[in-house]
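As provided, work30.cif (mmCIF, C-alpha atoms) reads as follows.
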data_structure
loop_
_atom_site.label_atom_id
_atom_site.label_comp_id
_atom_site.auth_asym_id
_atom_site.auth_seq_id
_atom_site.Cartn_x
_atom_site.Cartn_y
_atom_site.Cartn_z
CA MET A 1 5.15 -19.40 2.41
CA LYS A 2 3.68 -16.33 0.64
CA THR A 3 6.08 -13.48 1.21
CA LEU A 4 5.50 -9.91 0.13
CA VAL A 5 8.46 -7.54 0.06
CA VAL A 6 7.41 -3.89 0.16
CA ILE A 7 10.25 -1.65 -0.93
CA GLY A 8 10.17 1.94 0.24
CA HIS A 9 13.11 3.62 -1.41
CA PRO A 10 12.82 7.23 -2.58
CA GLU A 11 15.67 6.87 -5.09
CA LEU A 12 15.35 3.31 -6.28
CA ALA A 13 17.10 3.97 -9.59
CA ASP A 14 20.31 4.96 -7.73
CA SER A 15 20.28 2.01 -5.34
CA GLU A 16 22.82 -0.79 -5.69
CA THR A 17 21.41 -2.82 -2.80
CA GLN A 18 17.80 -3.09 -3.95
CA PRO A 19 18.38 -4.60 -7.44
CA PHE A 20 20.80 -7.11 -5.87
CA LEU A 21 18.24 -8.21 -3.27
CA LYS A 22 15.51 -8.42 -5.89
CA GLN A 23 17.70 -10.52 -8.16
CA VAL A 24 18.66 -13.04 -5.48
CA GLY A 25 15.21 -13.09 -3.87
CA LYS A 26 13.04 -13.23 -6.99
CA ASP A 27 12.09 -16.90 -6.60
CA TRP A 28 11.13 -16.49 -2.95
CA ALA A 29 8.77 -13.53 -2.78
CA THR A 30 6.56 -11.02 -4.54
CA PHE A 31 8.30 -7.65 -4.81
CA HIS A 32 6.30 -4.46 -4.54
CA GLU A 33 8.08 -1.17 -5.12
CA LEU A 34 6.20 1.73 -3.57
CA GLU A 35 5.19 4.67 -5.69
CA ALA A 36 2.92 7.41 -4.39
CA PRO A 37 0.04 8.03 -4.71
CA PHE A 38 -1.21 4.68 -3.44
CA ASP A 39 -4.33 2.82 -4.37
CA ILE A 40 -5.28 1.86 -0.83
CA ALA A 41 -7.59 -1.05 -1.75
CA THR A 42 -4.89 -2.68 -3.94
CA GLU A 43 -2.22 -2.19 -1.28
CA GLN A 44 -4.43 -3.75 1.38
CA GLN A 45 -5.27 -6.68 -0.88
CA LEU A 46 -1.55 -7.37 -1.30
CA ILE A 47 -1.05 -7.41 2.46
CA TRP A 48 -4.03 -9.69 3.11
CA GLN A 49 -2.72 -12.19 0.56
CA ALA A 50 0.72 -12.39 2.18
CA GLU A 51 1.71 -14.62 5.08
CA ARG A 52 4.97 -12.79 5.70
CA LEU A 53 5.21 -9.05 5.12
CA ILE A 54 8.69 -7.59 4.73
CA LEU A 55 9.31 -3.87 4.87
CA GLN A 56 12.51 -3.13 3.02
CA PHE A 57 14.09 0.32 3.08
CA PRO A 58 17.26 2.31 3.64
CA LEU A 59 17.50 3.87 7.11
CA TYR A 60 16.91 7.63 6.75
CA TRP A 61 17.69 9.69 9.82
CA TYR A 62 17.20 6.60 12.00
CA SER A 63 13.76 5.92 10.59
CA VAL A 64 11.83 4.75 7.52
CA PRO A 65 11.98 7.05 4.48
CA ALA A 66 9.02 9.43 4.06
CA LEU A 67 7.60 7.31 1.21
CA MET A 68 7.27 4.27 3.46
CA LYS A 69 5.92 6.29 6.36
CA GLN A 70 3.25 7.72 4.06
CA TRP A 71 2.36 4.20 2.92
CA LEU A 72 2.11 2.98 6.52
CA ASP A 73 -0.02 5.96 7.53
CA GLU A 74 -2.41 5.57 4.61
CA VAL A 75 -2.65 1.80 4.23
CA PHE A 76 -2.72 0.69 7.87
CA ASP A 77 -6.26 1.76 8.73
CA GLU A 78 -9.36 0.24 10.30
CA GLU A 79 -10.26 -1.44 7.03
CA LEU A 80 -6.92 -3.26 6.88
CA LEU A 81 -7.21 -4.50 10.46
CA GLY A 82 -10.90 -5.44 10.19
CA PRO A 83 -13.75 -4.84 12.67
CA GLN A 84 -12.24 -7.22 15.26
CA HIS A 85 -8.72 -5.93 14.60
CA ASP A 86 -7.68 -9.47 13.79
CA ARG A 87 -7.18 -9.55 10.03
CA LEU A 88 -3.38 -9.50 10.31
CA VAL A 89 -3.19 -12.05 13.14
CA LYS A 90 -0.79 -14.91 12.36
CA LYS A 91 1.00 -12.88 9.70
CA GLU A 92 4.66 -12.10 10.24
CA LEU A 93 6.35 -8.74 9.95
CA GLY A 94 10.00 -8.68 8.92
CA ILE A 95 12.34 -5.76 8.27
CA VAL A 96 15.20 -5.57 5.80
CA VAL A 97 17.04 -2.36 6.52
CA SER A 98 20.09 -1.07 4.67
CA LEU A 99 22.63 1.21 6.31
CA GLY A 100 25.13 3.65 4.92
CA ARG A 101 27.17 3.34 8.11
CA PRO A 102 28.99 0.28 9.52
CA ILE A 103 26.83 -1.87 11.78
CA ARG A 104 29.45 -1.69 14.54
CA GLU A 105 28.55 1.97 15.04
CA PHE A 106 25.04 0.98 16.12
CA GLN A 107 25.57 0.27 19.79
CA SER A 108 25.94 2.14 23.03
CA GLY A 109 29.17 4.09 23.31
CA GLN A 110 29.61 4.15 19.52
CA ARG A 111 28.85 6.86 16.97
CA GLN A 112 25.18 6.04 16.36
CA ALA A 113 24.65 5.42 20.09
CA PHE A 114 21.74 2.96 19.82
CA THR A 115 21.18 -0.45 18.30
CA ILE A 116 19.13 -1.07 15.15
CA ASP A 117 16.54 -2.82 17.32
CA GLU A 118 16.15 0.38 19.34
CA TYR A 119 15.78 2.57 16.26
CA LEU A 120 13.20 0.17 14.80
CA ARG A 121 11.09 0.07 17.97
CA PRO A 122 8.12 1.95 16.38
CA LEU A 123 7.81 -0.78 13.73
CA GLN A 124 7.94 -3.43 16.42
CA GLY A 125 5.12 -1.48 18.09
CA LEU A 126 3.18 -1.67 14.84
CA ALA A 127 3.60 -5.46 14.79
CA LEU A 128 2.34 -5.67 18.37
CA ALA A 129 -0.64 -3.41 17.74
CA THR A 130 -1.66 -5.31 14.61
CA LYS A 131 -0.95 -8.71 16.24
CA MET A 132 1.65 -9.72 13.68
CA LYS A 133 4.62 -11.82 14.72
CA TRP A 134 7.76 -9.68 14.76
CA LEU A 135 10.86 -11.14 13.09
CA SER A 136 14.41 -10.10 13.99
CA PRO A 137 15.43 -7.54 11.37
CA LEU A 138 17.88 -8.40 8.62
CA VAL A 139 20.49 -5.64 8.44
CA VAL A 140 22.43 -4.86 5.28
CA SER A 141 25.36 -2.72 6.26
CA GLN A 142 27.35 -0.75 3.65
CA PHE A 143 26.48 -2.99 0.73
CA ALA A 144 28.65 -0.95 -1.66
CA TYR A 145 31.79 -1.91 0.28
CA GLN A 146 30.98 -5.60 0.72
CA SER A 147 33.26 -8.26 -0.79
CA ASP A 148 31.92 -10.95 -3.15
CA THR A 149 32.05 -13.46 -0.32
CA ALA A 150 30.08 -11.18 2.00
CA ARG A 151 27.50 -10.59 -0.73
CA GLN A 152 27.05 -14.31 -1.33
CA LYS A 153 26.48 -14.80 2.38
CA LEU A 154 24.00 -11.93 2.41
CA ALA A 155 22.18 -13.42 -0.61
CA VAL A 156 21.58 -16.70 1.24
CA ALA A 157 20.63 -14.95 4.48
CA TYR A 158 18.12 -12.89 2.48
CA GLN A 159 16.65 -15.91 0.63
CA GLN A 160 16.24 -17.68 3.95
CA TYR A 161 14.77 -14.58 5.58
CA LEU A 162 12.09 -14.59 2.88
CA SER A 163 11.34 -18.29 3.01
CA LEU A 164 12.33 -20.10 6.24
CA PRO A 165 10.70 -20.14 9.68
CA GLN A 166 12.38 -17.48 11.81
CA PRO A 167 14.67 -17.47 13.69
CA VAL A 168 16.48 -19.87 11.36
CA ARG A 169 17.63 -23.13 12.96
CA PHE A 170 20.62 -25.05 11.67
CA LYS A 171 18.39 -28.00 10.79
CA ASP A 172 16.23 -25.78 8.59
CA ARG A 173 19.30 -24.47 6.77
CA VAL A 174 20.28 -28.06 5.99
CA ALA A 175 16.80 -28.94 4.74
CA TRP A 176 16.68 -25.74 2.67
CA LEU A 177 20.04 -26.56 1.14
CA THR A 178 18.97 -30.10 0.34
CA ARG A 179 15.99 -28.75 -1.62
CA GLN A 180 18.22 -26.25 -3.41
CA LEU A 181 20.70 -28.95 -4.43
CA ALA A 182 17.86 -31.07 -5.83
CA THR A 183 16.63 -28.10 -7.90
CA MET A 184 20.15 -27.43 -9.19
CA GLN A 185 20.43 -31.07 -10.16
CA THR A 186 17.22 -30.82 -12.19
CA ASN A 187 18.23 -27.56 -13.82
CA THR A 188 21.68 -28.51 -15.10
CA LYS A 189 22.41 -30.65 -18.16
CA ASP A 190 26.00 -31.30 -17.04
CA THR A 191 25.90 -34.97 -15.96
CA ILE A 192 29.10 -34.73 -13.89
CA ALA A 193 27.67 -31.73 -12.05
CA GLN A 194 24.47 -33.69 -11.43
CA GLN A 195 26.50 -36.56 -10.00
CA GLU A 196 28.59 -34.27 -7.79
CA LEU A 197 25.49 -32.47 -6.50
CA GLN A 198 23.96 -35.81 -5.63
CA GLN A 199 27.09 -36.95 -3.80
CA LEU A 200 27.30 -33.73 -1.79
CA ALA A 201 23.59 -33.88 -0.95
CA ALA A 202 24.11 -37.47 0.26
CA LEU A 203 27.08 -36.38 2.38
CA LEU A 204 25.09 -33.49 3.85
CA SER A 205 22.22 -35.76 4.76
CA MET A 206 24.46 -38.51 6.20
CA LYS A 207 26.31 -36.00 8.39
CA GLN A 208 23.03 -34.48 9.55
CA GLU A 209 21.78 -37.91 10.61
CA GLN A 210 25.02 -38.40 12.52
CA LEU A 211 24.54 -35.01 14.21
CA ASP A 212 20.88 -35.73 15.02
CA ASP A 213 21.87 -39.08 16.58
CA LEU A 214 24.58 -37.43 18.67
CA ASN A 215 22.14 -34.77 19.83
CA ASP A 216 19.56 -37.44 20.75
CA ASN A 217 22.19 -39.27 22.77
CA LEU A 218 23.24 -36.06 24.47
CA ARG A 219 19.65 -35.28 25.39
CA LEU A 220 19.33 -38.74 26.93
CA VAL A 221 22.57 -38.39 28.88
CA ARG A 222 21.59 -34.93 30.15
CA GLU A 223 18.17 -36.23 31.23
CA THR A 224 19.80 -39.18 33.01
CA GLU A 225 22.22 -36.87 34.78
CA GLY A 226 19.35 -34.58 35.70
CA TYR A 227 20.70 -31.35 34.21
CA MET B 1 36.73 -30.26 5.41
CA ASP B 2 38.30 -33.27 3.69
CA GLU B 3 40.07 -32.95 0.36
CA TRP B 4 37.41 -34.75 -1.67
CA THR B 5 34.64 -32.41 -0.47
CA ASP B 6 36.79 -29.35 -1.03
CA GLN B 7 37.74 -30.44 -4.57
CA THR B 8 34.18 -31.43 -5.47
CA LEU B 9 32.90 -28.04 -4.33
CA LYS B 10 35.59 -26.28 -6.38
CA ASP B 11 34.79 -28.39 -9.44
CA LEU B 12 31.07 -27.68 -9.11
CA ALA B 13 31.74 -23.96 -8.78
CA LYS B 14 33.46 -24.14 -12.19
CA ARG B 15 30.74 -26.23 -13.79
CA LEU B 16 27.86 -24.09 -12.50
CA PRO B 17 29.01 -20.47 -12.95
CA GLY B 18 25.53 -18.87 -12.62
CA TYR B 19 25.39 -16.41 -9.71
CA LEU B 20 22.51 -18.07 -7.86
CA ASP B 21 24.25 -21.46 -8.08
CA GLN B 22 27.47 -19.91 -6.75
CA VAL B 23 25.49 -18.44 -3.87
CA THR B 24 24.02 -21.85 -2.97
CA LEU B 25 27.41 -23.55 -3.24
CA SER B 26 28.91 -20.97 -0.88
CA GLU B 27 26.17 -21.82 1.65
CA LEU B 28 26.85 -25.54 1.16
CA ARG B 29 30.51 -24.97 2.03
CA ARG B 30 29.58 -23.00 5.17
CA VAL B 31 26.94 -25.50 6.30
CA LEU B 32 29.23 -28.52 5.82
CA LYS B 33 31.91 -26.76 7.86
CA GLU B 34 29.48 -25.85 10.63
CA GLN B 35 27.99 -29.36 10.59
CA ALA B 36 31.48 -30.84 11.15
CA GLU B 37 32.08 -28.40 14.02
CA ARG B 38 28.74 -29.29 15.62
CA ILE B 39 29.53 -33.01 15.31
CA ASP B 40 32.94 -32.42 16.94
CA ARG B 41 31.38 -30.46 19.78
CA ALA B 42 28.62 -33.02 20.38
CA GLU B 43 31.15 -35.90 20.36
CA GLY B 44 33.34 -33.92 22.74
CA GLU B 45 30.46 -33.31 25.12
CA LEU B 46 29.40 -36.96 25.06
CA ASP B 47 32.99 -37.99 25.78
CA GLY B 48 33.32 -35.40 28.52
CA ARG B 49 30.11 -36.52 30.21
CA ALA B 50 31.10 -40.19 29.98
CA TRP B 51 34.39 -39.39 31.76
CA SER B 52 32.91 -36.93 34.20
CA LYS B 53 33.91 -37.40 37.84
CA ARG B 54 30.23 -37.41 38.75
CA ASN B 55 29.97 -40.80 37.07
CA TRP B 56 32.93 -42.38 38.86
#

The structure given in the file should be rewritten as structure tokens.
Amino acid sequence: MKTLVVIGHPELADSETQPFLKQVGKDWATFHELEAPFDIATEQQLIWQAERLILQFPLYWYSVPALMKQWLDEVFDEELLGPQHDRLVKKELGIVVSLGRPIREFQSGQRQAFTIDEYLRPLQGLALATKMKWLSPLVVSQFAYQSDTARQKLAVAYQQYLSLPQPVRFKDRVAWLTRQLATMQTNTKDTIAQQELQQLAALLSMKQEQLDDLNDNLRLVRETEGY
Amino acid sequence: MDEWTDQTLKDLAKRLPGYLDQVTLSELRRVLKEQAERIDRAEGELDGRAWSKRNW
């Protein structure tokens, strides 16, 4: 999967979230930090080369920051879409949006009144118009206040958002993890760690087989019962 | 999660202190836990269906 992350952050140097995401996602995508003015041909080339395009930005007044809007306005033209308007077909469009407010405020009856999905509707419209497959956005809420545990969870969710078919299925998480454990095993020189990684990978795979068997049996039983 | 798995995960976390390894190990802990819950649920449903009144 060729993933391009386009970062539209007007004050990148002051951001805590962006360097974290770049650090944990560096093996999974190409990172492109926007700086105006843009060389349109280069920007379009980057998009054409990608299979999954991620727009990553902090939410500014319920929208993309001006820098990203300018990029969208200038780069998404007839040339990018091609004469048949089909050059972006089969590509995926994902959104990684960071919030300064708690996510619980983004719903009806709460302070921000609307959901993130509602605020991001224009970008979903862009995906529709350009025939890209829209991915459920990944929301990073109040990164500065997140605990270590929450950040580790976010790191994995982000890595998987960049690399796995979306929406992520449990089975894919297991397969992803199995590959990761194999890589860790290759990368460490600690023989006990290698052994432990191997044992845990074996356990993970054995349990998954057990789960798959159970699910197969359940499917059969449900079919037999007719519901 | 059984004691062996828990201890092995803790030992690995000490042996592999790099941040990206820690991140993967945290996911491994979550996935193993969820896998066990899914197995429990599936076994429960199979049991429940086997004992369902419909099949009496």

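Interatomic distance, CA of Phe170 (chain A) against CA of Leu46 (chain B): 20.0 Å.
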
Exercise for review: Translate the PyMOL selection byres ((chain A and resi 54) around 7), as applied to the file shown, into an explicit residue set as a PyMOL selection string.
Suggested key: chain A and resi 4-6+52-53+55-56+93-96

Review point. Between CA of Asp14 (chain A) and CA of Pro102 (chain A), what is the spacing in Å?
Key: 19.9 Å

Write out, as a Markdown table, each residue of chain A that has an atom at most 7 Å from chain B, together with the closest pair of atoms and their distance in Å to one decimal, counting all atoms listed in the file, rows going by chain and rising number.
| residue | atom | partner | partner_atom | distance |
| --- | --- | --- | --- | --- |
| A:Val24 | CA | B:Leu20 | CA | 6.8 |
| A:Gln152 | CA | B:Val23 | CA | 5.1 |
| A:Ala155 | CA | B:Val23 | CA | 6.8 |
| A:Val156 | CA | B:Val23 | CA | 6.7 |
| A:Leu177 | CA | B:Leu28 | CA | 6.9 |
| A:Ala193 | CA | B:Leu12 | CA | 6.1 |
| A:Glu196 | CA | B:Thr8 | CA | 6.7 |
| A:Leu204 | CA | B:Leu32 | CA | 6.8 |
| A:Leu211 | CA | B:Ile39 | CA | 5.5 |
| A:Leu214 | CA | B:Ala42 | CA | 6.2 |
| A:Asn215 | CA | B:Ala42 | CA | 6.7 |
| A:Leu218 | CA | B:Leu46 | CA | 6.3 |

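Atom pair CA of Asp2 (chain B) / CA of Glu37 (chain B): separated by 13.0 Å.
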
Could you list the residues chosen by the PyMOL selection byres ((chain A and resi 161) around 10) in this structure as a PDB file with C-alpha atoms, keeping the file's coordinate frame?
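As written to disk, selection-v6.pdb reads:
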ATOM      1  CA  THR A   3       6.080 -13.480   1.210  1.00  0.00           C
ATOM      2  CA  GLY A  25      15.210 -13.090  -3.870  1.00  0.00           C
ATOM      3  CA  TRP A  28      11.130 -16.490  -2.950  1.00  0.00           C
ATOM      4  CA  ARG A  52       4.970 -12.790   5.700  1.00  0.00           C
ATOM      5  CA  ILE A  54       8.690  -7.590   4.730  1.00  0.00           C
ATOM      6  CA  GLY A  94      10.000  -8.680   8.920  1.00  0.00           C
ATOM      7  CA  ILE A  95      12.340  -5.760   8.270  1.00  0.00           C
ATOM      8  CA  VAL A  96      15.200  -5.570   5.800  1.00  0.00           C
ATOM      9  CA  LEU A 135      10.860 -11.140  13.090  1.00  0.00           C
ATOM     10  CA  SER A 136      14.410 -10.100  13.990  1.00  0.00           C
ATOM     11  CA  PRO A 137      15.430  -7.540  11.370  1.00  0.00           C
ATOM     12  CA  LEU A 138      17.880  -8.400   8.620  1.00  0.00           C
ATOM     13  CA  ALA A 155      22.180 -13.420  -0.610  1.00  0.00           C
ATOM     14  CA  VAL A 156      21.580 -16.700   1.240  1.00  0.00           C
ATOM     15  CA  ALA A 157      20.630 -14.950   4.480  1.00  0.00           C
ATOM     16  CA  TYR A 158      18.120 -12.890   2.480  1.00  0.00           C
ATOM     17  CA  GLN A 159      16.650 -15.910   0.630  1.00  0.00           C
ATOM     18  CA  GLN A 160      16.240 -17.680   3.950  1.00  0.00           C
ATOM     19  CA  LEU A 162      12.090 -14.590   2.880  1.00  0.00           C
ATOM     20  CA  SER A 163      11.340 -18.290   3.010  1.00  0.00           C
ATOM     21  CA  LEU A 164      12.330 -20.100   6.240  1.00  0.00           C
ATOM     22  CA  PRO A 165      10.700 -20.140   9.680  1.00  0.00           C
ATOM     23  CA  GLN A 166      12.380 -17.480  11.810  1.00  0.00           C
ATOM     24  CA  PRO A 167      14.670 -17.470  13.690  1.00  0.00           C
ATOM     25  CA  VAL A 168      16.480 -19.870  11.360  1.00  0.00           C
TER      26      VAL A 168
END

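Closest approach to Asp86 (chain A) among A:Gln142, A:Asn217, A:Thr183, A:Thr130 is made by A:Thr130 (distances from only C-alpha atoms).
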
Practice item. Place a sphere of radius 12 Å on (18.2, -0.9, -3.5) in the file coordinates and name every protein, DNA or RNA residue with an atom inside or on its surface, counting only C-alpha atoms; give the answer as a PyMOL selection string. Key: chain A and resi 6-23+33+56-59+96-100+140+142-144

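For the file shown, the residue list from the PyMOL selection byres ((chain A and resi 74) around 10) reads A:Pro37, A:Phe38, A:Asp39, A:Ile40, A:Glu43, A:Met68, A:Lys69, A:Gln70, A:Trp71, A:Leu72, A:Asp73, A:Val75, A:Phe76, A:Asp77.
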
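The smallest atom-to-atom distance between Thr186 (chain A) and any of A:Gln198, A:Gln210, A:Gln49, A:Thr149, using only C-alpha atoms, is found for A:Gln198.
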
Padding 3 Å on each side, edges along x, y and z: where is the centre of the box around the listed atoms of region 36-49 of chain B, and how long are its edges in Å to one decimal? Output it as AutoDock Vina command-line options.
--center_x 31.0 --center_y -33.2 --center_z 20.7 --size_x 10.7 --size_y 15.6 --size_z 25.1

Exercise for review: Counting all atoms listed in the file, find the residues whose atoms lie at most 12 Å from (20.2, 4.0, 17.0) (file coordinates) and write them out as JSON, numbers by chain.
Suggested key: {"A": [59, 60, 61, 62, 63, 99, 101, 103, 104, 105, 106, 107, 108, 109, 110, 111, 112, 113, 114, 115, 116, 117, 118, 119, 120, 121]}

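Considering only C-alpha atoms, the residue among A:Asp212, A:Ser147, A:Met206, A:Leu197 positioned nearest to Lys10 (chain B) is A:Leu197.
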
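Ranking A:Arg87, A:Asp27, A:Ser205, A:Glu51 by their shortest atom-to-atom distance to Arg173 (chain A), with all atoms listed in the file included, puts A:Ser205 first.
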